[in-house]
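The structure file run21.txt is reproduced below (compact mmCIF, C-alpha atoms).
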# COMPACT_ATOMS: atom_id res chain seq x y z
CA MET A 1 0.00 0.00 0.00
CA SER A 2 1.33 3.39 -0.99
CA MET A 3 1.33 6.17 1.54
CA ARG A 4 1.39 8.86 -1.19
CA THR A 5 -1.72 10.98 -1.64
CA PRO A 6 -3.51 10.74 -5.00
CA ILE A 7 -2.67 14.39 -5.81
CA SER A 8 1.06 13.84 -5.29
CA LYS A 9 0.98 11.00 -7.82
CA VAL A 10 -0.50 13.12 -10.61
CA ARG A 11 1.06 16.54 -9.93
CA GLY A 12 3.32 17.54 -12.84
CA GLN A 13 2.13 14.66 -14.97
CA GLY A 14 0.52 15.74 -18.22
CA SER A 15 -0.50 13.13 -20.78
CA ALA A 16 3.17 12.58 -21.55
CA GLY A 17 4.55 14.11 -18.37
CA THR A 18 6.21 17.05 -20.15
CA GLY A 19 3.39 18.86 -21.98
CA THR A 20 3.36 21.88 -19.70
CA HIS A 21 7.12 22.24 -19.96
CA HIS A 22 6.93 22.30 -23.79
CA PHE A 23 4.18 24.93 -23.72
CA TRP A 24 6.04 27.06 -21.18
CA VAL A 25 9.48 26.97 -22.86
CA HIS A 26 7.80 27.86 -26.17
CA ARG A 27 6.43 31.03 -24.47
CA VAL A 28 9.70 31.85 -22.69
CA THR A 29 11.62 31.69 -25.98
CA ALA A 30 8.83 33.71 -27.67
CA VAL A 31 9.20 36.53 -25.11
CA ALA A 32 12.99 36.54 -25.56
CA LEU A 33 12.62 36.60 -29.34
CA VAL A 34 10.52 39.81 -29.40
CA PRO A 35 13.46 42.20 -28.70
CA LEU A 36 15.95 39.94 -30.50
CA THR A 37 13.83 39.88 -33.68
CA ILE A 38 13.36 43.65 -33.63
CA TRP A 39 17.15 44.02 -33.32
CA PHE A 40 17.63 41.52 -36.16
CA LEU A 41 15.20 43.35 -38.47
CA CYS A 42 16.98 46.66 -37.85
CA SER A 43 20.37 45.00 -38.48
CA LEU A 44 19.06 43.38 -41.63
CA LEU A 45 18.41 46.87 -42.98
CA SER A 46 21.87 48.20 -42.30
CA HIS A 47 24.17 45.20 -42.85
CA MET A 48 22.69 42.37 -44.90
CA GLY A 49 23.88 43.60 -48.29
CA GLY A 50 27.39 44.52 -47.13
CA SER A 51 30.69 43.08 -48.38
CA ARG A 52 32.28 40.16 -46.48
CA ASP A 53 34.77 42.50 -44.79
CA GLU A 54 31.96 44.80 -43.60
CA VAL A 55 29.91 41.86 -42.30
CA ILE A 56 32.93 40.38 -40.48
CA ALA A 57 33.82 43.76 -38.94
CA TRP A 58 30.20 44.09 -37.77
CA ILE A 59 29.83 40.60 -36.27
CA SER A 60 33.29 40.90 -34.62
CA GLN A 61 31.87 43.48 -32.19
CA PRO A 62 31.23 41.61 -28.90
CA LEU A 63 27.67 42.92 -28.40
CA VAL A 64 26.67 42.01 -31.97
CA ALA A 65 28.17 38.51 -31.62
CA ILE A 66 26.37 38.02 -28.28
CA ALA A 67 23.07 39.17 -29.79
CA PHE A 68 23.55 36.75 -32.71
CA VAL A 69 24.27 33.80 -30.40
CA LEU A 70 21.17 34.64 -28.32
CA LEU A 71 19.03 35.04 -31.46
CA LEU A 72 20.24 31.77 -33.01
CA GLY A 73 20.05 29.73 -29.80
CA THR A 74 16.63 31.00 -28.76
CA GLY A 75 15.24 31.13 -32.30
CA ILE A 76 16.29 27.63 -33.31
CA TYR A 77 15.02 26.17 -30.02
CA HIS A 78 11.68 27.97 -30.58
CA LEU A 79 11.63 26.68 -34.17
CA LYS A 80 12.25 23.11 -33.01
CA LEU A 81 9.38 23.31 -30.50
CA GLY A 82 7.05 24.78 -33.13
CA ILE A 83 7.77 22.31 -35.94
CA GLN A 84 7.48 19.48 -33.40
CA VAL A 85 3.84 20.46 -32.80
CA VAL A 86 3.18 20.71 -36.56
CA ILE A 87 4.55 17.17 -36.98
CA GLU A 88 2.47 15.91 -34.04
CA ASP A 89 -0.63 17.40 -35.71
CA TYR A 90 -0.14 16.34 -39.31
CA VAL A 91 2.19 13.35 -39.53
CA HIS A 92 0.51 10.00 -38.92
CA GLY A 93 1.86 6.48 -38.71
CA GLU A 94 4.34 5.52 -36.02
CA ALA A 95 7.39 5.07 -38.27
CA MET A 96 6.90 8.36 -40.13
CA LYS A 97 6.21 10.22 -36.87
CA MET A 98 9.36 8.85 -35.26
CA PHE A 99 11.47 9.56 -38.36
CA SER A 100 10.23 13.19 -38.71
CA GLN A 101 10.82 14.03 -35.05
CA LEU A 102 14.26 12.44 -35.13
CA ALA A 103 15.20 14.31 -38.33
CA LEU A 104 13.88 17.59 -36.87
CA THR A 105 15.97 17.20 -33.70
CA LEU A 106 19.15 16.31 -35.58
CA VAL A 107 18.79 19.00 -38.28
CA THR A 108 17.95 21.83 -35.86
CA ALA A 109 20.84 20.80 -33.58
CA ALA A 110 23.24 20.74 -36.54
CA VAL A 111 22.05 24.11 -37.89
CA GLY A 112 22.27 25.63 -34.41
CA VAL A 113 25.81 24.39 -33.79
CA ALA A 114 26.97 25.36 -37.31
CA SER A 115 25.60 28.91 -37.19
CA VAL A 116 26.75 29.62 -33.62
CA PHE A 117 30.21 28.24 -34.44
CA ALA A 118 30.34 30.53 -37.50
CA VAL A 119 29.59 33.55 -35.27
CA PHE A 120 32.31 32.46 -32.79
CA LYS A 121 34.84 32.02 -35.57
CA ILE A 122 34.09 35.47 -37.01
CA ALA A 123 34.06 37.06 -33.54
CA VAL A 124 37.48 35.74 -32.53
CA GLY A 125 38.91 36.70 -35.93
CA GLY A 126 39.62 33.23 -37.36
CA MET B 1 -1.10 -1.83 -40.85
CA ALA B 2 -3.46 -0.17 -43.32
CA GLN B 3 -5.70 2.55 -41.94
CA ALA B 4 -9.31 2.78 -43.11
CA LYS B 5 -10.04 5.91 -45.18
CA ARG B 6 -12.89 7.29 -43.14
CA PRO B 7 -14.23 10.81 -43.58
CA VAL B 8 -12.73 13.09 -40.95
CA SER B 9 -14.20 16.08 -39.16
CA PRO B 10 -14.12 19.06 -39.38
CA HIS B 11 -14.80 19.54 -43.09
CA LEU B 12 -12.65 22.63 -43.51
CA GLN B 13 -13.93 23.54 -46.97
CA VAL B 14 -17.46 24.28 -45.78
CA TYR B 15 -16.38 27.15 -43.52
CA ARG B 16 -16.43 30.77 -44.69
CA TRP B 17 -12.94 32.21 -44.19
CA SER B 18 -12.68 34.63 -41.29
CA VAL B 19 -9.76 36.84 -40.28
CA THR B 20 -9.20 34.90 -37.05
CA MET B 21 -9.08 31.62 -38.99
CA ALA B 22 -6.67 33.03 -41.59
CA SER B 23 -4.38 34.60 -38.98
CA SER B 24 -4.23 31.32 -37.08
CA ILE B 25 -3.10 29.19 -40.03
CA LEU B 26 -0.80 31.97 -41.30
CA HIS B 27 1.03 31.92 -37.95
CA ARG B 28 1.81 28.26 -38.52
CA VAL B 29 2.68 28.72 -42.20
CA THR B 30 5.02 31.65 -41.47
CA GLY B 31 6.58 29.65 -38.62
CA VAL B 32 7.44 26.80 -40.98
CA ALA B 33 8.66 29.29 -43.62
CA LEU B 34 10.95 30.86 -41.01
CA GLY B 35 12.49 27.41 -40.61
CA ALA B 36 13.62 27.65 -44.22
CA GLY B 37 14.71 31.25 -43.59
CA THR B 38 16.83 30.05 -40.66
CA LEU B 39 18.66 27.69 -43.03
CA LEU B 40 19.44 30.69 -45.28
CA LEU B 41 20.69 32.73 -42.31
CA ALA B 42 22.90 29.82 -41.20
CA TRP B 43 24.25 29.46 -44.76
CA TRP B 44 25.03 33.22 -44.85
CA LEU B 45 26.87 33.08 -41.48
CA VAL B 46 28.84 29.92 -42.28
CA ALA B 47 29.80 31.35 -45.68
CA ALA B 48 30.97 34.61 -44.06
CA ALA B 49 33.13 32.54 -41.68
CA THR B 50 34.51 30.35 -44.50
CA SER B 51 35.86 32.23 -47.54
CA ASP B 52 35.36 35.08 -50.02
CA GLU B 53 34.15 32.59 -52.66
CA ALA B 54 31.56 30.99 -50.36
CA PHE B 55 30.29 34.44 -49.30
CA ALA B 56 30.15 35.68 -52.91
CA LEU B 57 27.96 32.69 -53.84
CA VAL B 58 25.43 33.51 -51.08
CA GLN B 59 25.41 37.20 -52.05
CA HIS B 60 24.94 36.24 -55.70
CA CYS B 61 21.97 33.96 -54.93
CA MET B 62 20.28 36.38 -52.53
CA GLY B 63 20.92 39.33 -54.84
CA SER B 64 19.29 37.64 -57.84
CA TRP B 65 15.64 38.24 -58.74
CA PRO B 66 14.29 35.03 -57.18
CA GLY B 67 16.63 35.56 -54.21
CA GLN B 68 15.23 39.05 -53.62
CA LEU B 69 11.68 37.62 -53.72
CA VAL B 70 12.66 35.01 -51.14
CA MET B 71 14.16 37.76 -48.96
CA LEU B 72 10.93 39.77 -49.26
CA GLY B 73 8.91 36.69 -48.25
CA PHE B 74 11.31 35.98 -45.37
CA CYS B 75 10.96 39.56 -44.17
CA TRP B 76 7.15 39.38 -44.27
CA ALA B 77 7.06 35.99 -42.55
CA LEU B 78 9.34 37.33 -39.80
CA THR B 79 7.36 40.53 -39.18
CA TYR B 80 4.03 38.67 -39.39
CA HIS B 81 5.15 35.96 -36.96
CA LEU B 82 6.60 38.64 -34.63
CA PHE B 83 3.42 40.76 -34.51
CA ASN B 84 1.07 37.79 -34.37
CA GLY B 85 3.31 36.19 -31.74
CA ILE B 86 2.84 39.27 -29.54
CA ARG B 87 -0.93 38.89 -30.14
CA HIS B 88 -0.69 35.27 -28.97
CA LEU B 89 1.27 36.30 -25.85
CA ALA B 90 -1.47 38.83 -25.02
CA TRP B 91 -4.05 36.02 -25.38
CA ASP B 92 -1.93 33.82 -23.08
CA MET B 93 -2.29 36.53 -20.44
CA GLY B 94 -6.04 36.65 -21.02
CA TYR B 95 -6.29 39.88 -23.03
CA GLY B 96 -8.02 40.46 -26.37
CA PHE B 97 -10.18 37.34 -26.50
CA GLU B 98 -13.46 39.13 -27.33
CA LEU B 99 -14.54 38.49 -30.94
CA LYS B 100 -14.31 42.17 -31.98
CA ALA B 101 -10.86 42.57 -30.37
CA ALA B 102 -9.55 39.35 -31.92
CA GLN B 103 -10.78 40.37 -35.38
CA LEU B 104 -9.34 43.87 -35.05
CA SER B 105 -5.93 42.62 -33.86
CA GLY B 106 -5.94 40.05 -36.67
CA TRP B 107 -6.34 42.80 -39.28
CA PHE B 108 -3.83 45.00 -37.48
CA VAL B 109 -1.15 42.28 -37.55
CA PHE B 110 -1.73 41.61 -41.25
CA ILE B 111 -1.57 45.30 -42.23
CA ALA B 112 1.32 46.19 -39.89
CA SER B 113 3.55 43.34 -41.10
CA THR B 114 2.82 44.23 -44.75
CA VAL B 115 3.56 47.93 -44.18
CA VAL B 116 6.81 47.23 -42.29
CA THR B 117 7.95 44.75 -44.98
CA LEU B 118 7.24 47.26 -47.76
CA ALA B 119 9.11 49.94 -45.79
CA ILE B 120 12.14 47.65 -45.44
CA ALA B 121 11.95 46.77 -49.15
CA ALA B 122 11.71 50.48 -50.08
CA ALA B 123 14.67 51.30 -47.83
CA SER B 124 16.79 48.55 -49.37
CA LEU B 125 15.84 49.58 -52.92
CA GLY B 126 16.61 53.17 -51.94
CA GLY B 127 20.22 52.16 -51.39
CA MET B 128 20.27 51.93 -47.61
CA LEU B 129 21.65 48.40 -47.85
Would you mind giving the structure from this file in structure tokens?
Amino acid sequence: MSMRTPISKVRGQGSAGTGTHHFWVHRVTAVALVPLTIWFLCSLLSHMGGSRDEVIAWISQPLVAIAFVLLLGTGIYHLKLGIQVVIEDYVHGEAMKMFSQLALTLVTAAVGVASVFAVFKIAVGG
Amino acid sequence: MAQAKRPVSPHLQVYRWSVTMASSILHRVTGVALGAGTLLLAWWLVAAATSDEAFALVQHCMGSWPGQLVMLGFCWALTYHLFNGIRHLAWDMGYGFELKAAQLSGWFVFIASTVVTLAIAAASLGGML
């Protein structure tokens, strides 16, 4: 016989145990992305068409590099959470579901690491 | 295991399109489109970190006619998802749920993102880039 109360057994347990966490982190990243996206849109205007030297000089500035890492990290995590829900809604069949989610995780992780590494390399003048 | 092809509900094609319905699906569509845009941004950054040749290739593709169209679409998807995302955050806090308010904010998001995108396009054509 368990001495735990019924409420303590179900507290924090969604249908999969982590549903609330997914919802919440999606919102936390969304809030962070509001200022970061506004910064990115303004930067897009002033730097996107520049030469490679201009772009490298711009990203080499510590604050710009930090903003880029925050934008990429938060944005790609937010993207992963969003596409995950789209897959859950529209992709049926166990094998296809599993394959899509696996591919999503691996691709977003690879794109995140690649783009953040690129910013680091530019920032430290490699 | 084969699944039976049963009719599924709701039958989306019988509904008259409303602004709240359109803004809801557009949020998802722009979100997925931004996934593709993220790949372009990553390509641009990695190319800038790699070599002059790699960077020139990205600039060439994005500077071409189809590339400029993609950039315009990316810009609109980003501003739309940003404004509509703020609308969603307001809903999460319990504001703006009344039908009139939701319809008004839906139109506002659509118009604001289009205006901002056109302003950015005009600025870039005007040589600010």
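Relative to CA of Ala95 (chain A), CA of Leu39 (chain B) is found at 25.7 Å.
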So that I can see what lies close to Val107 (chain A), please list as JSON, numbers by chain the residues with an atom at most 12 Å from it, counting only C-alpha atoms and leaving out residues fewer than 3 positions away in the same chain.
{"A": [76, 77, 79, 80, 83, 99, 100, 101, 102, 103, 104, 110, 111, 112, 113, 114], "B": [35, 36, 38, 39, 42]}
Interface rows for chain A against chain B: nearest pair, Å to one decimal, 9 Å, all atoms listed in the file, as a Markdown table:
| residue | atom | partner | partner_atom | distance |
| --- | --- | --- | --- | --- |
| A:Arg27 | CA | B:Leu89 | CA | 7.5 |
| A:Ala30 | CA | B:Gly85 | CA | 7.3 |
| A:Val31 | CA | B:Leu89 | CA | 8.0 |
| A:Leu33 | CA | B:Leu82 | CA | 8.3 |
| A:Val34 | CA | B:Leu82 | CA | 6.6 |
| A:Thr37 | CA | B:Leu82 | CA | 7.4 |
| A:Ile38 | CA | B:Leu82 | CA | 8.5 |
| A:Leu41 | CA | B:Cys75 | CA | 8.1 |
| A:Leu44 | CA | B:Leu129 | CA | 8.4 |
| A:Leu45 | CA | B:Leu129 | CA | 6.0 |
| A:Ser46 | CA | B:Leu129 | CA | 5.6 |
| A:His47 | CA | B:Leu129 | CA | 6.4 |
| A:Met48 | CA | B:Leu129 | CA | 6.8 |
| A:Gly49 | CA | B:Leu129 | CA | 5.3 |
| A:Gly50 | CA | B:Leu129 | CA | 7.0 |
| A:Ser51 | CA | B:Ala56 | CA | 8.7 |
| A:Arg52 | CA | B:Ala48 | CA | 6.2 |
| A:Asp53 | CA | B:Ala48 | CA | 8.8 |
| A:Val55 | CA | B:Ala48 | CA | 7.5 |
| A:Ile56 | CA | B:Ala48 | CA | 7.1 |
| A:Leu72 | CA | B:Thr38 | CA | 8.6 |
| A:Gly75 | CA | B:Thr38 | CA | 8.6 |
| A:Ile76 | CA | B:Thr38 | CA | 7.8 |
| A:Leu79 | CA | B:Gly35 | CA | 6.5 |
| A:Lys80 | CA | B:Gly35 | CA | 8.7 |
| A:Gly82 | CA | B:Gly31 | CA | 7.4 |
| A:Ile83 | CA | B:Val32 | CA | 6.8 |
| A:Val86 | CA | B:Arg28 | CA | 7.9 |
| A:Val111 | CA | B:Ala42 | CA | 6.7 |
| A:Gly112 | CA | B:Ala42 | CA | 8.0 |
| A:Ala114 | CA | B:Val46 | CA | 7.0 |
| A:Ser115 | CA | B:Ala42 | CA | 4.9 |
| A:Val116 | CA | B:Ala42 | CA | 8.5 |
| A:Phe117 | CA | B:Val46 | CA | 8.1 |
| A:Ala118 | CA | B:Val46 | CA | 5.0 |
| A:Val119 | CA | B:Leu45 | CA | 6.8 |
| A:Phe120 | CA | B:Ala49 | CA | 8.9 |
| A:Lys121 | CA | B:Ala49 | CA | 6.4 |
| A:Ile122 | CA | B:Ala49 | CA | 5.6 |
| A:Gly126 | CA | B:Ala49 | CA | 7.8 |
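The neighbours of Ile111 (chain B) here are the residues that come within 12 Å of it, using all atoms listed in the file and leaving out any residue fewer than 4 positions away in the same chain; they are Val19, Ser23, Trp76, Thr79, Tyr80, Phe83, Asn84, Leu104, Ser105, Gly106, Trp107, Val115, Val116, Thr117 and Leu118 of chain B.
Compared by their closest atoms to Leu125 (chain B), and using all atoms listed in the file, the residues B:Ser18, B:Thr30, B:Gln68, B:Ser24 rank with B:Gln68 nearest.
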